[in-house]
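Participant: I have a structure here, written as structure tokens, and I will follow up with some questions on it.
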Amino acid sequence: MKTKDNKKVIYWLLTGCFLIFIMVIVGGITRLTDSGLSISNYKLITGTIPPLNDTEWQEAFQLYQQHPEFKHYNSHFTLSDFKSIYFWEWLHRLIGRVIGLVFFFPFVYFLITKQLTKSTIKKSLILMALGAFQGFLGWYMVKSGLVEMPDVSHYRLAAHLTTAFLTFAATLWVALDLIYPNTKPANTTMRNLITVGYIALVFQIIYGAFVAGLKAGLLHNHWPLMNEGKFIHESAYIVEPFYKNWIENPSGIQFIHRTFAYVVVALILYIYYKSRQFKLTPNQQKGINSLVILVGIQFLLGVFTILLYVPIWLGILHQIGAFFLLTAMTFTLHRFSK
């Protein structure tokens, strides 16, 4: 009988992690190139194949012309322009389908050949449920931009992006459970502190999605102060009722995102400082060191993204930085938890 939770299972989970990473990158390019509303219908099976001839391209373009994005923003588009944005959205959806297949069919194979423990079966089912929910949120997000105004809801965008990050983190956690099967007493002090840092990082990622959804990065392109040498520009708190400034006002949202970055940096530096009070394993030390390095890089990427008016390549690097930082945080939390 084959061993359960063997290396093949670990490679399967890590392959899923890699594909989610690729999907997040392509999703970022899709968003930054305003390609996300180019495919206005959803066909699970037949939508896998893009238009293959001039007639099919014309039909797809005519369908796009019926929706608000074309009417309000892109009425000057030629078929060639449409093809360029269609590609990124099609690729993004294709990768989503591939991820579904990569998770489902090997899972069935491992299940039939009894290569999974009961614990891993339960965790795998949760991961697939998260993946399915992520797909639903993608459809739900796009739907919000196909009526009246051609902009997707920044709330739905945040839900879609954050779920992708958390699905990746959960998949990595399950893989780490198998890579490091031997449990040990948890360092509760460090575990709790890293958990606080983890929550702060997820909060920052959510606000990063808000910034992206409302294009708030195109405002206040100065640092360390906002426009006119102000720590907080008055445009950040002009909306009534007041609380909406922090969830719907682009200026207020950018202020939260740029300011809370200092909190994330401070928390990670404190985690590093606190860790020096304990004797760490090599993996724990690597995790802590990677957090300090990555948060520094991510902070600088955020600053230059603002200063340079959000060029696509830098916006993508900033999103990748967030992904790597979450990866390091997940690994570190796991190493201090068991």
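In the structure tokens, each chain is lettered A, B, ... as it comes, each chain's residues begin at 1, and ligands are numbered from 1 in order of appearance.
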As a list in words, please: the residues near Lys143 of chain A (cut-off 10 Å, only C-alpha atoms, same-chain neighbours under 3 positions excluded).

Facilitator: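 Near neighbours after the sequence-gap exclusion: Leu37, Ser40, Asn41, Tyr42, Leu137, Gly138, Trp139, Tyr140, Leu146, Val147, Pro150, Asp151, Val152, Ser153 and Arg156 of chain A.
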
Participant: When you look at Tyr198 of chain A with a cut-off of 12 Å (counting only C-alpha atoms), what residues show up, excluding the ones that are within fewer than 2 positions of it in the same chain? I need them as a PyMOL selection string.

Facilitator: chain A and resi 166+169+190-196+200-205+263-265+267-268+271+291+322+325-334

Participant: Keeping only N, CA and C atoms, write the selected residues as a compact mmCIF listing (two decimals), in the first residue's frame.

Facilitator:
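Written output follows (result-v4.txt):
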```txt
# COMPACT_ATOMS: atom_id res chain seq x y z
N LEU A 166 -5.91 34.34 0.70
CA LEU A 166 -6.16 33.43 1.82
C LEU A 166 -6.27 31.97 1.36
N ALA A 169 -2.74 30.95 1.12
CA ALA A 169 -2.17 30.77 2.46
C ALA A 169 -2.65 29.46 3.09
N MET A 190 5.23 34.20 20.78
CA MET A 190 5.54 34.58 19.40
C MET A 190 4.38 34.27 18.47
N ARG A 191 3.71 33.15 18.69
CA ARG A 191 2.57 32.80 17.84
C ARG A 191 1.50 33.87 17.90
N ASN A 192 1.18 34.33 19.09
CA ASN A 192 0.14 35.35 19.24
C ASN A 192 0.56 36.68 18.62
N LEU A 193 1.82 37.01 18.78
CA LEU A 193 2.33 38.26 18.21
C LEU A 193 2.32 38.21 16.69
N ILE A 194 2.75 37.10 16.13
CA ILE A 194 2.75 36.94 14.67
C ILE A 194 1.32 36.92 14.14
N THR A 195 0.40 36.36 14.90
CA THR A 195 -1.02 36.37 14.50
C THR A 195 -1.54 37.80 14.37
N VAL A 196 -1.15 38.65 15.32
CA VAL A 196 -1.54 40.06 15.24
C VAL A 196 -0.95 40.69 13.97
N ALA A 200 -2.97 42.25 10.71
CA ALA A 200 -2.65 43.59 10.21
C ALA A 200 -2.29 43.55 8.73
N LEU A 201 -1.54 42.53 8.32
CA LEU A 201 -1.15 42.41 6.92
C LEU A 201 -2.36 42.16 6.04
N VAL A 202 -3.27 41.30 6.47
CA VAL A 202 -4.48 41.04 5.69
C VAL A 202 -5.32 42.31 5.57
N PHE A 203 -5.42 43.07 6.66
CA PHE A 203 -6.13 44.36 6.63
C PHE A 203 -5.49 45.28 5.59
N GLN A 204 -4.17 45.32 5.56
CA GLN A 204 -3.46 46.17 4.59
C GLN A 204 -3.70 45.70 3.16
N ILE A 205 -3.77 44.39 2.96
CA ILE A 205 -4.05 43.84 1.63
C ILE A 205 -5.45 44.23 1.18
N VAL A 263 2.31 50.86 10.35
CA VAL A 263 1.91 49.94 11.42
C VAL A 263 2.42 48.53 11.12
N VAL A 264 2.26 48.10 9.87
CA VAL A 264 2.73 46.76 9.48
C VAL A 264 4.24 46.65 9.66
N VAL A 265 4.96 47.67 9.22
CA VAL A 265 6.42 47.67 9.37
C VAL A 265 6.80 47.62 10.85
N LEU A 267 5.07 46.51 13.42
CA LEU A 267 4.74 45.22 14.01
C LEU A 267 5.79 44.16 13.66
N ILE A 268 6.23 44.15 12.41
CA ILE A 268 7.21 43.14 12.01
C ILE A 268 8.56 43.42 12.66
N ILE A 271 8.20 42.12 16.10
CA ILE A 271 8.28 40.65 16.07
C ILE A 271 9.75 40.22 16.04
N LEU A 291 10.71 38.08 6.96
CA LEU A 291 9.68 39.09 7.21
C LEU A 291 10.28 40.49 7.19
N ALA A 322 3.38 41.91 -1.83
CA ALA A 322 2.38 41.56 -0.82
C ALA A 322 2.21 40.05 -0.74
N LEU A 325 5.20 38.55 1.04
CA LEU A 325 5.15 38.87 2.46
C LEU A 325 4.14 38.00 3.18
N LEU A 326 2.98 37.77 2.56
CA LEU A 326 1.99 36.88 3.16
C LEU A 326 2.52 35.44 3.23
N THR A 327 3.27 35.03 2.21
CA THR A 327 3.88 33.70 2.21
C THR A 327 4.83 33.55 3.40
N ALA A 328 5.69 34.55 3.58
CA ALA A 328 6.65 34.51 4.69
C ALA A 328 5.93 34.53 6.03
N MET A 329 4.86 35.32 6.12
CA MET A 329 4.11 35.40 7.37
C MET A 329 3.44 34.06 7.68
N THR A 330 2.91 33.41 6.65
CA THR A 330 2.27 32.10 6.83
C THR A 330 3.28 31.06 7.28
N PHE A 331 4.43 31.04 6.62
CA PHE A 331 5.49 30.09 6.99
C PHE A 331 5.95 30.32 8.43
N THR A 332 6.18 31.59 8.78
CA THR A 332 6.68 31.91 10.11
C THR A 332 5.67 31.56 11.19
N LEU A 333 4.41 31.90 10.94
CA LEU A 333 3.37 31.56 11.91
C LEU A 333 3.27 30.05 12.09
N HIS A 334 3.38 29.31 11.00
CA HIS A 334 3.33 27.84 11.08
C HIS A 334 4.49 27.29 11.92
```

Participant: Show me, as a ChimeraX atom specification, the residues that have an atom within 12 Å of Arg93 of chain A when counting only C-alpha atoms, minus same-chain residues fewer than 2 positions from it.

Facilitator: /A:20,22-24,26-27,30,35-39,41-50,86-91,95-100,134-136,138-139,142

Participant: Go ahead and save the residues from that selection, with C-alpha atoms, as a PDB file, in the first residue's frame.

Facilitator:
```pdb
ATOM      1  CA  ILE A  20      -2.637  30.649  -7.468  1.00  0.00           C
ATOM      2  CA  ILE A  22       0.469  33.057 -11.207  1.00  0.00           C
ATOM      3  CA  MET A  23      -3.252  33.757 -11.257  1.00  0.00           C
ATOM      4  CA  VAL A  24      -2.848  36.670  -8.831  1.00  0.00           C
ATOM      5  CA  VAL A  26      -2.237  37.836 -14.184  1.00  0.00           C
ATOM      6  CA  GLY A  27      -5.217  39.185 -12.250  1.00  0.00           C
ATOM      7  CA  THR A  30      -5.811  42.377 -15.955  1.00  0.00           C
ATOM      8  CA  SER A  35      -9.068  44.339 -19.148  1.00  0.00           C
ATOM      9  CA  GLY A  36     -11.411  42.809 -16.596  1.00  0.00           C
ATOM     10  CA  LEU A  37     -14.687  43.679 -18.328  1.00  0.00           C
ATOM     11  CA  SER A  38     -13.669  42.624 -21.824  1.00  0.00           C
ATOM     12  CA  ILE A  39     -15.499  39.278 -21.620  1.00  0.00           C
ATOM     13  CA  ASN A  41     -20.487  36.631 -20.664  1.00  0.00           C
ATOM     14  CA  TYR A  42     -19.434  33.578 -18.699  1.00  0.00           C
ATOM     15  CA  LYS A  43     -19.278  30.141 -20.310  1.00  0.00           C
ATOM     16  CA  LEU A  44     -17.585  27.582 -18.100  1.00  0.00           C
ATOM     17  CA  ILE A  45     -16.703  25.084 -20.841  1.00  0.00           C
ATOM     18  CA  THR A  46     -16.904  26.809 -24.224  1.00  0.00           C
ATOM     19  CA  GLY A  47     -15.365  29.982 -22.801  1.00  0.00           C
ATOM     20  CA  THR A  48     -12.070  28.104 -22.476  1.00  0.00           C
ATOM     21  CA  ILE A  49     -11.481  28.556 -26.214  1.00  0.00           C
ATOM     22  CA  PRO A  50     -10.997  32.164 -27.379  1.00  0.00           C
ATOM     23  CA  TYR A  86      -9.544  40.336 -24.154  1.00  0.00           C
ATOM     24  CA  PHE A  87      -6.295  38.333 -23.916  1.00  0.00           C
ATOM     25  CA  TRP A  88      -5.573  39.171 -20.278  1.00  0.00           C
ATOM     26  CA  GLU A  89      -9.095  38.476 -19.060  1.00  0.00           C
ATOM     27  CA  TRP A  90      -9.228  35.226 -21.055  1.00  0.00           C
ATOM     28  CA  LEU A  91      -5.856  34.128 -19.652  1.00  0.00           C
ATOM     29  CA  ILE A  95      -5.741  29.822 -15.229  1.00  0.00           C
ATOM     30  CA  GLY A  96      -8.718  29.698 -12.864  1.00  0.00           C
ATOM     31  CA  ARG A  97     -10.087  26.710 -14.762  1.00  0.00           C
ATOM     32  CA  VAL A  98      -6.670  25.013 -14.745  1.00  0.00           C
ATOM     33  CA  ILE A  99      -6.426  25.477 -10.977  1.00  0.00           C
ATOM     34  CA  GLY A 100      -9.820  23.823 -10.567  1.00  0.00           C
ATOM     35  CA  GLN A 134     -13.106  32.392  -5.275  1.00  0.00           C
ATOM     36  CA  GLY A 135     -14.459  31.606  -8.737  1.00  0.00           C
ATOM     37  CA  PHE A 136     -17.921  32.758  -7.696  1.00  0.00           C
ATOM     38  CA  GLY A 138     -14.753  36.626  -9.670  1.00  0.00           C
ATOM     39  CA  TRP A 139     -18.051  36.318 -11.526  1.00  0.00           C
ATOM     40  CA  VAL A 142     -17.319  41.340 -12.999  1.00  0.00           C
TER      41      VAL A 142
END
```

Participant: With only C-alpha atoms as the counted atoms, please give the residues lying no more than 10 Å from segment 237-247 of chain A, apart from itself and same-chain residues fewer than 3 positions off, as a PyMOL selection string.

Facilitator: chain A and resi 154-155+207+210-211+232-234+250-257

Participant: Give me a file of those residues, with N, CA and C atoms, as a compact mmCIF listing (two decimals), in the first residue's frame.

Facilitator:
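The resulting again.txt:
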```
# COMPACT_ATOMS: atom_id res chain seq x y z
N HIS A 154 -15.44 48.11 -5.64
CA HIS A 154 -14.16 47.90 -4.94
C HIS A 154 -14.32 46.94 -3.76
N TYR A 155 -15.54 46.84 -3.24
CA TYR A 155 -15.79 45.85 -2.18
C TYR A 155 -15.66 44.43 -2.75
N TYR A 207 -7.10 46.89 2.06
CA TYR A 207 -7.08 48.30 1.67
C TYR A 207 -6.29 48.53 0.39
N PHE A 210 -8.85 48.02 -2.12
CA PHE A 210 -9.70 49.21 -2.19
C PHE A 210 -9.02 50.30 -3.04
N VAL A 211 -7.73 50.50 -2.79
CA VAL A 211 -6.97 51.49 -3.56
C VAL A 211 -7.01 51.15 -5.04
N ILE A 232 -2.37 64.57 6.25
CA ILE A 232 -3.65 64.11 5.72
C ILE A 232 -4.29 65.26 4.96
N HIS A 233 -4.55 65.06 3.69
CA HIS A 233 -5.15 66.10 2.85
C HIS A 233 -6.62 66.23 3.19
N GLU A 234 -7.14 67.47 3.10
CA GLU A 234 -8.54 67.69 3.49
C GLU A 234 -9.54 66.91 2.63
N PRO A 250 -11.80 57.79 -2.25
CA PRO A 250 -10.45 57.39 -2.70
C PRO A 250 -9.32 58.06 -1.92
N SER A 251 -9.47 59.34 -1.59
CA SER A 251 -8.42 60.03 -0.83
C SER A 251 -8.29 59.45 0.58
N GLY A 252 -9.41 59.23 1.23
CA GLY A 252 -9.39 58.66 2.57
C GLY A 252 -8.83 57.25 2.58
N ILE A 253 -9.17 56.48 1.56
CA ILE A 253 -8.69 55.10 1.46
C ILE A 253 -7.19 55.07 1.22
N GLN A 254 -6.70 55.98 0.36
CA GLN A 254 -5.25 56.03 0.16
C GLN A 254 -4.53 56.43 1.44
N PHE A 255 -5.13 57.36 2.20
CA PHE A 255 -4.53 57.77 3.46
C PHE A 255 -4.41 56.58 4.41
N ILE A 256 -5.46 55.78 4.52
CA ILE A 256 -5.43 54.59 5.39
C ILE A 256 -4.33 53.63 4.93
N HIS A 257 -4.28 53.38 3.63
CA HIS A 257 -3.34 52.38 3.11
C HIS A 257 -1.89 52.84 3.29
```

Participant: Mind listing the helix (DSSP H, G or I) residues of segment 123-327 of chain A, per DSSP on the backbone, as a PyMOL selection string?

Facilitator: chain A and resi 123-143+154-179+188-213+216-218+227-229+234-237+242-246+250-275+282-307+312-327

Participant: From the set A:Gln319, A:Ser124, A:Thr189, A:Thr163, which residue has the shortest atom-to-atom contact distance to Gln298 of chain A, counting only C-alpha atoms?

Facilitator: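 Residue with the minimum atom-to-atom distance to Gln298 of chain A: A:Gln319.
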
Participant: Return the single residue from A:Asn182, A:Trp313, A:Leu32, A:Phe231 that is closest to Ala209 of chain A, with distances computed using only C-alpha atoms.

Facilitator: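 Ranked by minimum distance to Ala209 of chain A, first place goes to A:Leu32.
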
Participant: So how many Å separate atom CA of Gly302 of chain A and atom CA of His222 of chain A, to one decimal?

Facilitator: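 According to the coordinates, atom CA of Gly302 of chain A and atom CA of His222 of chain A are separated by 11.5 Å.
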
Participant: Between atom CA of Lys4 of chain A and atom CA of Ala164 of chain A, measure the distance and give it in Å to one decimal.

Facilitator: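 Computing it gives 27.7 Å between the two atoms.
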
Participant: In Å, rounded to a single decimal, give me how far atom CA of Ile25 of chain A is from atom CA of Leu269 of chain A.

Facilitator: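 Calculated distance between atom CA of Leu269 of chain A and atom CA of Ile25 of chain A is 27.5 Å.
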
Participant: Compare A:Phe104, A:Phe133, A:Tyr272, A:Phe77 by their minimum atom-to-atom distance to Ile121 of chain A, counting only C-alpha atoms, and give me the closest one.

Facilitator: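 Comparing A:Phe104, A:Phe133, A:Tyr272, A:Phe77 against Ile121 of chain A, the winner is A:Phe104.
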
Participant: Please determine, counting only C-alpha atoms, which residue among A:Ala170, A:Leu178, A:Ile85, A:Leu52 has the shortest atom-to-atom distance to Ile29 of chain A.

Facilitator: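 Closest to Ile29 of chain A of all the choices is A:Ile85.
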
Participant: Counting only C-alpha atoms, which residue out of A:Val9, A:Val102, A:Leu79, A:Leu214 sits closest to Thr117 of chain A?

Facilitator: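 Once distances to Thr117 of chain A are computed over only C-alpha atoms, the minimum belongs to A:Val9.
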